Amino acid sequence: MKIKPLGQRVLVKRIEPAEQKSEGGIFLPDTAKEKPQEATVLALGNGKNDEGEIIEFSVKEGDKVLISKYGGTEVKIDGEECLIISEGDILGVIEG
Amino acid sequence: MKIKPLGQRVLVKRIEPAEQKSEGGIFLPDTAKEKPQEATVLALGNGKNDEGEIIEFSVKEGDKVLISKYGGTEVKIDGEECLIISEGDILGVIEG
Amino acid sequence: MKIKPLGQRVLVKRIEPAEQKSEGGIFLPDTAKEKPQEATVLALGNGKNDEGEIIEFSVKEGDKVLISKYGGTEVKIDGEECLIISEGDILGVIEG
Amino acid sequence: MKIKPLGQRVLVKRIEPAEQKSEGGIFLPDTAKEKPQEATVLALGNGKNDEGEIIEFSVKEGDKVLISKYGGTEVKIDGEECLIISEGDILGVIEG
Amino acid sequence: MKIKPLGQRVLVKRIEPAEQKSEGGIFLPDTAKEKPQEATVLALGNGKNDEGEIIEFSVKEGDKVLISKYGGTEVKIDGEECLIISEGDILGVIEG
Amino acid sequence: MKIKPLGQRVLVKRIEPAEQKSEGGIFLPDTAKEKPQEATVLALGNGKNDEGEIIEFSVKEGDKVLISKYGGTEVKIDGEECLIISEGDILGVIEG
Amino acid sequence: MKIKPLGQRVLVKRIEPAEQKSEGGIFLPDTAKEKPQEATVLALGNGKNDEGEIIEFSVKEGDKVLISKYGGTEVKIDGEECLIISEGDILGVIEG
């Protein structure tokens with residue numbers, strides 16, 4: 001299954017950080033970890049805005065990006081948790 | 001009965017997922033299941049926006065789409081539960 | 001008494017559905033029924049928007065339409081319950 | 001005392017309906033009656049909008065209009081209760 | 001001290017109504033009276049809007065106006081209670 | 001330390017009124033006094049608005065102004081309490 | 001790791017004030033101190049606004065700025081607490 005986002009949205013997948021321990025060295029199960037804010041861009045929308053004009057994206061497929069913690073809608077694609085977010089919820093591109 | 005949506009709305013019908021069981025294998029009756037987010041586009045509106053201009057749609061009849069969980073107004077057409085939603089509440093098009 | 005709606009409003013009259021019974025076959029008195037969502041367009045406004053421009057309507061007198069459940073203001077015209085609603089609260093036109 | 005409304009406001013005076021009785025035939029004192037929604041236009045504003053442009057009115061002095069129940073500001077002019085409302089709160093013109 | 005209001009604001013001074021008694025004839029001390037809605041325009045702003053354009057005022061110095069009860073900011077000028085209000089909070093001009 | 005405000009903001013310093021006593025003649029310590037609304041303009045912003053255009057200010061350095069009581073952000077500059085406020089929160093210029 | 005902010009955002013790092021003691025001379029641990037409002041600009045966004053136009057920034061890399069206390073999103077870059085904020089949340093540039 002493939003998703004083509006509409007409008008100024010992009011499809012991203014969060015990058016899981018390396019295994020996380022609490023400060024006391026205790027392993028944290030999944031629900032206690034803070035959700036990662038890094039994500040990879042999987043697909044761009046068609047860029048059309050509310051007036052029907054095309055706005056060029058500032059990110060491209062494969063970019064690693066920082067996303068705001070609570071934006072977007074979670075979608076399951078082939079069993080994998082992805083996120084469709086508005087480009088405006090991407091804070092910046094990670095460059096190295 | 002046929003519905004021609006007005007404005008930038010589209011008429012969609014949710015795609016029921018295959019039979020769903022809870023993790024313990026118990027069959028879940030209809031009211032306990034999460035509402036599906038996949039839908040088929042049945043009809044497009046006339047595309048007119050608030051200023052009276054026509055904005056072309058990014059979806060077409062027959063498209064499978066992902067819709068946000070809480071958008072739209074439910075309407076019963078010939079006994080079938082459909083949904084009239086604004087195109088802006090379609091997150092993306094499912095392509096395969 | 002005749003009403004000429006102002007602006008982008010239309011005057012509609014709800015279509016009462018055929019007599020409604022509860023699932024157990026008990027006749028429901030008027031206050032327990034859900035308000036119908038089908039309506040007939042009785043009169044169009046002058047179409048003027050906030051900037052004083054005329055926006056053409058997408059419906060015409062006599063059209064059967066679907067209206068959102070809570071929009072509009074109820075008015076009694078010659079003893080009959082009518083509704084003045086903004087055209088934007090008409091979800092679609094019923095075509096058959 | 002005369003009032004010239006400013007902007008896209010109009011001065012109206014509610015039309016008192018004929019004496020009202022409850023269904024059981026009991027006379028209702030003033031405070032228990034529902035406020036009437038019919039009004040007569042007494043004066044038009046200068047029509048200037050926020051950008052300083054003149055927007056022509058769709059009503060004229062003497063028109064009988066339907067007004068929304070809660071809009072407007074009540075003013076007492078020579079002891080009579082009047083109402084200054086935005087033209088946008090006039091739902092329609094009564095034509096007969 | 002003189003105040004030149006900025007933007008589309010005007011400086012007004014409320015007109016105290018003649019001595020007010022309650023219906024039973026009891027004199028009402030100042031805090032129990034309803035604030036008057038009539039005011040005199042003392043000074044106009046420079047008329048500049050948010051885009052830096054000058055919007056001409058519809059009132060002039062000396063005009064008696066009706067103002068909405070709760071708009072504006074109270075300022076004390078040479079010991080007198082005045083009010084700086086946006087012109088949009090002036091409902092109308094009193095003409096006689 | 002010097003501050004150059006950004007955008008349509010200005011830097012002001014409140015003018016402390018002459019020593020204030022309560023009506024009973026008791027000296028009021030600092031925290032019980034009402035914050036003064038008069039201020040002196042110390043510096044103007046660059047005047048750039050959200051679209052990147054320059055909007056000329058209606059005040060200049062040294063002007064005494066009336067400011068709304070709750071606008072602005074307090075900043076300490078060289079130990080002195082100043083205020084960065086949007087020009088829109090300046091109600092008027094004090095002229096004498 | 002380097003971050004290129006998107007849109008009209010900038011990446012800043014707060015400047016820690018010199019060691020702070022309470023008035024009684026007691027050293028305040030980190031969580032009891034008020035968050036500093038001074039910051040250094042580390043990187044500018046691409047300046048693109050919602051319409052896809054480029055708006056020039058009023059700050060540049062290396063500028064010391066005053067930022068509003070609660071704006072922005074905290075991000076950890078190479079273990080250091082930084083902040084991605086909208087340029088509109090920068091109150092002013094510190095000039096000496």
# chains A, B, ... in the order shown; residues from 1 in each chain; ligands from 1
$ interface_residues --of "chain A" --to "chain G" --cutoff "7 Å" --atoms "only C-alpha atoms" --output "PDB file with all heavy atoms, in the first residue's frame"
ATOM      1  N   ILE A  55       2.224  25.125  -3.853  1.00  0.00           N
ATOM      2  CA  ILE A  55       3.322  25.708  -3.075  1.00  0.00           C
ATOM      3  C   ILE A  55       4.432  24.659  -3.025  1.00  0.00           C
ATOM      4  O   ILE A  55       4.213  23.533  -2.588  1.00  0.00           O
ATOM      5  CB  ILE A  55       2.868  26.028  -1.631  1.00  0.00           C
ATOM      6  CG1 ILE A  55       1.620  26.917  -1.628  1.00  0.00           C
ATOM      7  CG2 ILE A  55       3.991  26.671  -0.834  1.00  0.00           C
ATOM      8  CD1 ILE A  55       1.814  28.314  -2.103  1.00  0.00           C
ATOM      9  N   GLU A  56       5.621  25.054  -3.478  1.00  0.00           N
ATOM     10  CA  GLU A  56       6.738  24.102  -3.494  1.00  0.00           C
ATOM     11  C   GLU A  56       7.107  23.693  -2.066  1.00  0.00           C
ATOM     12  O   GLU A  56       7.079  24.523  -1.156  1.00  0.00           O
ATOM     13  CB  GLU A  56       7.941  24.781  -4.158  1.00  0.00           C
ATOM     14  CG  GLU A  56       8.824  23.835  -4.947  1.00  0.00           C
ATOM     15  CD  GLU A  56      10.059  24.575  -5.433  1.00  0.00           C
ATOM     16  OE1 GLU A  56       9.929  25.754  -5.818  1.00  0.00           O
ATOM     17  OE2 GLU A  56      11.158  23.978  -5.387  1.00  0.00           O
ATOM     18  N   LEU A  91       9.755  21.386  11.937  1.00  0.00           N
ATOM     19  CA  LEU A  91      10.500  22.514  12.498  1.00  0.00           C
ATOM     20  C   LEU A  91      11.776  22.805  11.723  1.00  0.00           C
ATOM     21  O   LEU A  91      12.175  23.949  11.572  1.00  0.00           O
ATOM     22  CB  LEU A  91      10.854  22.225  13.963  1.00  0.00           C
ATOM     23  CG  LEU A  91       9.683  21.935  14.888  1.00  0.00           C
ATOM     24  CD1 LEU A  91      10.179  21.520  16.260  1.00  0.00           C
ATOM     25  CD2 LEU A  91       8.799  23.174  15.002  1.00  0.00           C
ATOM     26  N   GLY A  92      12.425  21.728  11.251  1.00  0.00           N
ATOM     27  CA  GLY A  92      13.680  21.931  10.542  1.00  0.00           C
ATOM     28  C   GLY A  92      14.173  20.645   9.938  1.00  0.00           C
ATOM     29  O   GLY A  92      13.641  19.564  10.213  1.00  0.00           O
ATOM     30  N   VAL A  93      15.184  20.776   9.068  1.00  0.00           N
ATOM     31  CA  VAL A  93      15.789  19.625   8.413  1.00  0.00           C
ATOM     32  C   VAL A  93      17.107  19.320   9.119  1.00  0.00           C
ATOM     33  O   VAL A  93      17.877  20.237   9.415  1.00  0.00           O
ATOM     34  CB  VAL A  93      16.032  19.937   6.911  1.00  0.00           C
ATOM     35  CG1 VAL A  93      16.693  18.759   6.223  1.00  0.00           C
ATOM     36  CG2 VAL A  93      14.723  20.293   6.236  1.00  0.00           C
ATOM     37  N   ILE A  94      17.342  18.037   9.404  1.00  0.00           N
ATOM     38  CA  ILE A  94      18.589  17.617  10.056  1.00  0.00           C
ATOM     39  C   ILE A  94      19.633  17.384   8.974  1.00  0.00           C
ATOM     40  O   ILE A  94      19.394  16.623   8.041  1.00  0.00           O
ATOM     41  CB  ILE A  94      18.365  16.327  10.875  1.00  0.00           C
ATOM     42  CG1 ILE A  94      17.242  16.552  11.893  1.00  0.00           C
ATOM     43  CG2 ILE A  94      19.650  15.885  11.556  1.00  0.00           C
ATOM     44  CD1 ILE A  94      16.800  15.289  12.598  1.00  0.00           C
ATOM     45  N   GLU A  95      20.773  18.084   9.127  1.00  0.00           N
ATOM     46  CA  GLU A  95      21.690  18.068   7.992  1.00  0.00           C
ATOM     47  C   GLU A  95      22.956  17.247   8.168  1.00  0.00           C
ATOM     48  O   GLU A  95      23.915  17.413   7.452  1.00  0.00           O
ATOM     49  CB  GLU A  95      22.078  19.497   7.634  1.00  0.00           C
ATOM     50  CG  GLU A  95      20.971  20.220   6.871  1.00  0.00           C
ATOM     51  CD  GLU A  95      21.369  21.632   6.515  1.00  0.00           C
ATOM     52  OE1 GLU A  95      22.171  22.212   7.255  1.00  0.00           O
ATOM     53  OE2 GLU A  95      20.865  22.155   5.512  1.00  0.00           O
ATOM     54  N   GLY A  96      23.038  16.364   9.085  1.00  0.00           N
ATOM     55  CA  GLY A  96      24.268  15.553   9.099  1.00  0.00           C
ATOM     56  C   GLY A  96      24.313  14.683  10.341  1.00  0.00           C
ATOM     57  O   GLY A  96      23.832  15.085  11.385  1.00  0.00           O
TER      58      GLY A  96
END
$ atom_distance --atom1 "CA of Ala39 in chain F" --atom2 "CA of Phe57 in chain E"
26.8 Å
$ atom_distance --atom1 "CA of Asp89 in chain A" --atom2 "CA of Gly47 in chain F"
27.6 Å
$ residues_around --residues "Glu61 in chain C" --least-positions-apart "4" --cutoff "6 Å" --atoms "only C-alpha atoms" --output "ChimeraX atom specification"
/C:41-43
$ write_last_selection --atoms "N, CA and C atoms" --output "CSV table (one decimal), in the first residue's frame"
chain,number,residue,atom,x,y,z
C,41,VAL,N,-35.7,23.9,-1.0
C,41,VAL,CA,-35.3,25.3,-1.0
C,41,VAL,C,-36.6,26.1,-1.5
C,42,LEU,N,-36.9,27.1,-0.6
C,42,LEU,CA,-38.1,27.9,-0.9
C,42,LEU,C,-37.7,29.3,-1.6
C,43,ALA,N,-36.6,29.8,-1.1
C,43,ALA,CA,-36.2,31.2,-1.7
C,43,ALA,C,-34.7,31.4,-1.5
$ select_by_dssp --residues "range 45-82 of chain A" --states "strand (DSSP E)" --output "VMD selection string"
chain A and resid 64 to 67 73 to 77 80 to 82
$ write_last_selection --atoms "N, CA, C and O atoms" --output "mmCIF file, in the first residue's frame"
data_model
loop_
_atom_site.group_PDB
_atom_site.id
_atom_site.type_symbol
_atom_site.label_atom_id
_atom_site.label_comp_id
_atom_site.auth_asym_id
_atom_site.auth_seq_id
_atom_site.Cartn_x
_atom_site.Cartn_y
_atom_site.Cartn_z
ATOM 1 N N LYS A 64 15.789 13.844 6.653
ATOM 2 C CA LYS A 64 15.538 13.663 8.080
ATOM 3 C C LYS A 64 15.087 15.007 8.634
ATOM 4 O O LYS A 64 15.721 16.034 8.381
ATOM 5 N N VAL A 65 14.016 14.986 9.378
ATOM 6 C CA VAL A 65 13.434 16.241 9.843
ATOM 7 C C VAL A 65 13.132 16.173 11.336
ATOM 8 O O VAL A 65 13.032 15.099 11.926
ATOM 9 N N LEU A 66 13.014 17.347 11.934
ATOM 10 C CA LEU A 66 12.516 17.471 13.308
ATOM 11 C C LEU A 66 11.052 17.857 13.232
ATOM 12 O O LEU A 66 10.701 18.819 12.543
ATOM 13 N N ILE A 67 10.211 17.112 13.922
ATOM 14 C CA ILE A 67 8.790 17.448 13.871
ATOM 15 C C ILE A 67 8.301 17.808 15.268
ATOM 16 O O ILE A 67 8.832 17.352 16.277
ATOM 17 N N THR A 73 -1.413 13.251 12.082
ATOM 18 C CA THR A 73 -2.378 12.178 12.300
ATOM 19 C C THR A 73 -1.654 10.857 12.071
ATOM 20 O O THR A 73 -0.998 10.668 11.049
ATOM 21 N N GLU A 74 -1.789 9.929 13.015
ATOM 22 C CA GLU A 74 -1.100 8.653 12.870
ATOM 23 C C GLU A 74 -1.861 7.744 11.915
ATOM 24 O O GLU A 74 -3.078 7.622 11.987
ATOM 25 N N VAL A 75 -1.148 7.131 10.995
ATOM 26 C CA VAL A 75 -1.770 6.158 10.093
ATOM 27 C C VAL A 75 -0.906 4.907 10.075
ATOM 28 O O VAL A 75 0.315 4.968 10.217
ATOM 29 N N LYS A 76 -1.542 3.760 9.936
ATOM 30 C CA LYS A 76 -0.817 2.500 9.885
ATOM 31 C C LYS A 76 -0.720 2.079 8.426
ATOM 32 O O LYS A 76 -1.731 1.889 7.765
ATOM 33 N N ILE A 77 0.479 1.968 7.897
ATOM 34 C CA ILE A 77 0.660 1.584 6.500
ATOM 35 C C ILE A 77 1.437 0.272 6.477
ATOM 36 O O ILE A 77 2.578 0.211 6.946
ATOM 37 N N GLU A 80 2.970 -0.565 9.715
ATOM 38 C CA GLU A 80 3.955 0.337 10.313
ATOM 39 C C GLU A 80 3.307 1.673 10.662
ATOM 40 O O GLU A 80 2.576 2.246 9.867
ATOM 41 N N GLU A 81 3.611 2.170 11.844
ATOM 42 C CA GLU A 81 3.090 3.450 12.321
ATOM 43 C C GLU A 81 3.742 4.599 11.555
ATOM 44 O O GLU A 81 4.956 4.820 11.680
ATOM 45 N N CYS A 82 2.991 5.307 10.769
ATOM 46 C CA CYS A 82 3.502 6.496 10.100
ATOM 47 C C CYS A 82 2.691 7.697 10.569
ATOM 48 O O CYS A 82 1.816 7.578 11.430
#
$ atom_distance --atom1 "CA of Ser58 in chain A" --atom2 "CA of Lys69 in chain G"
28.4 Å
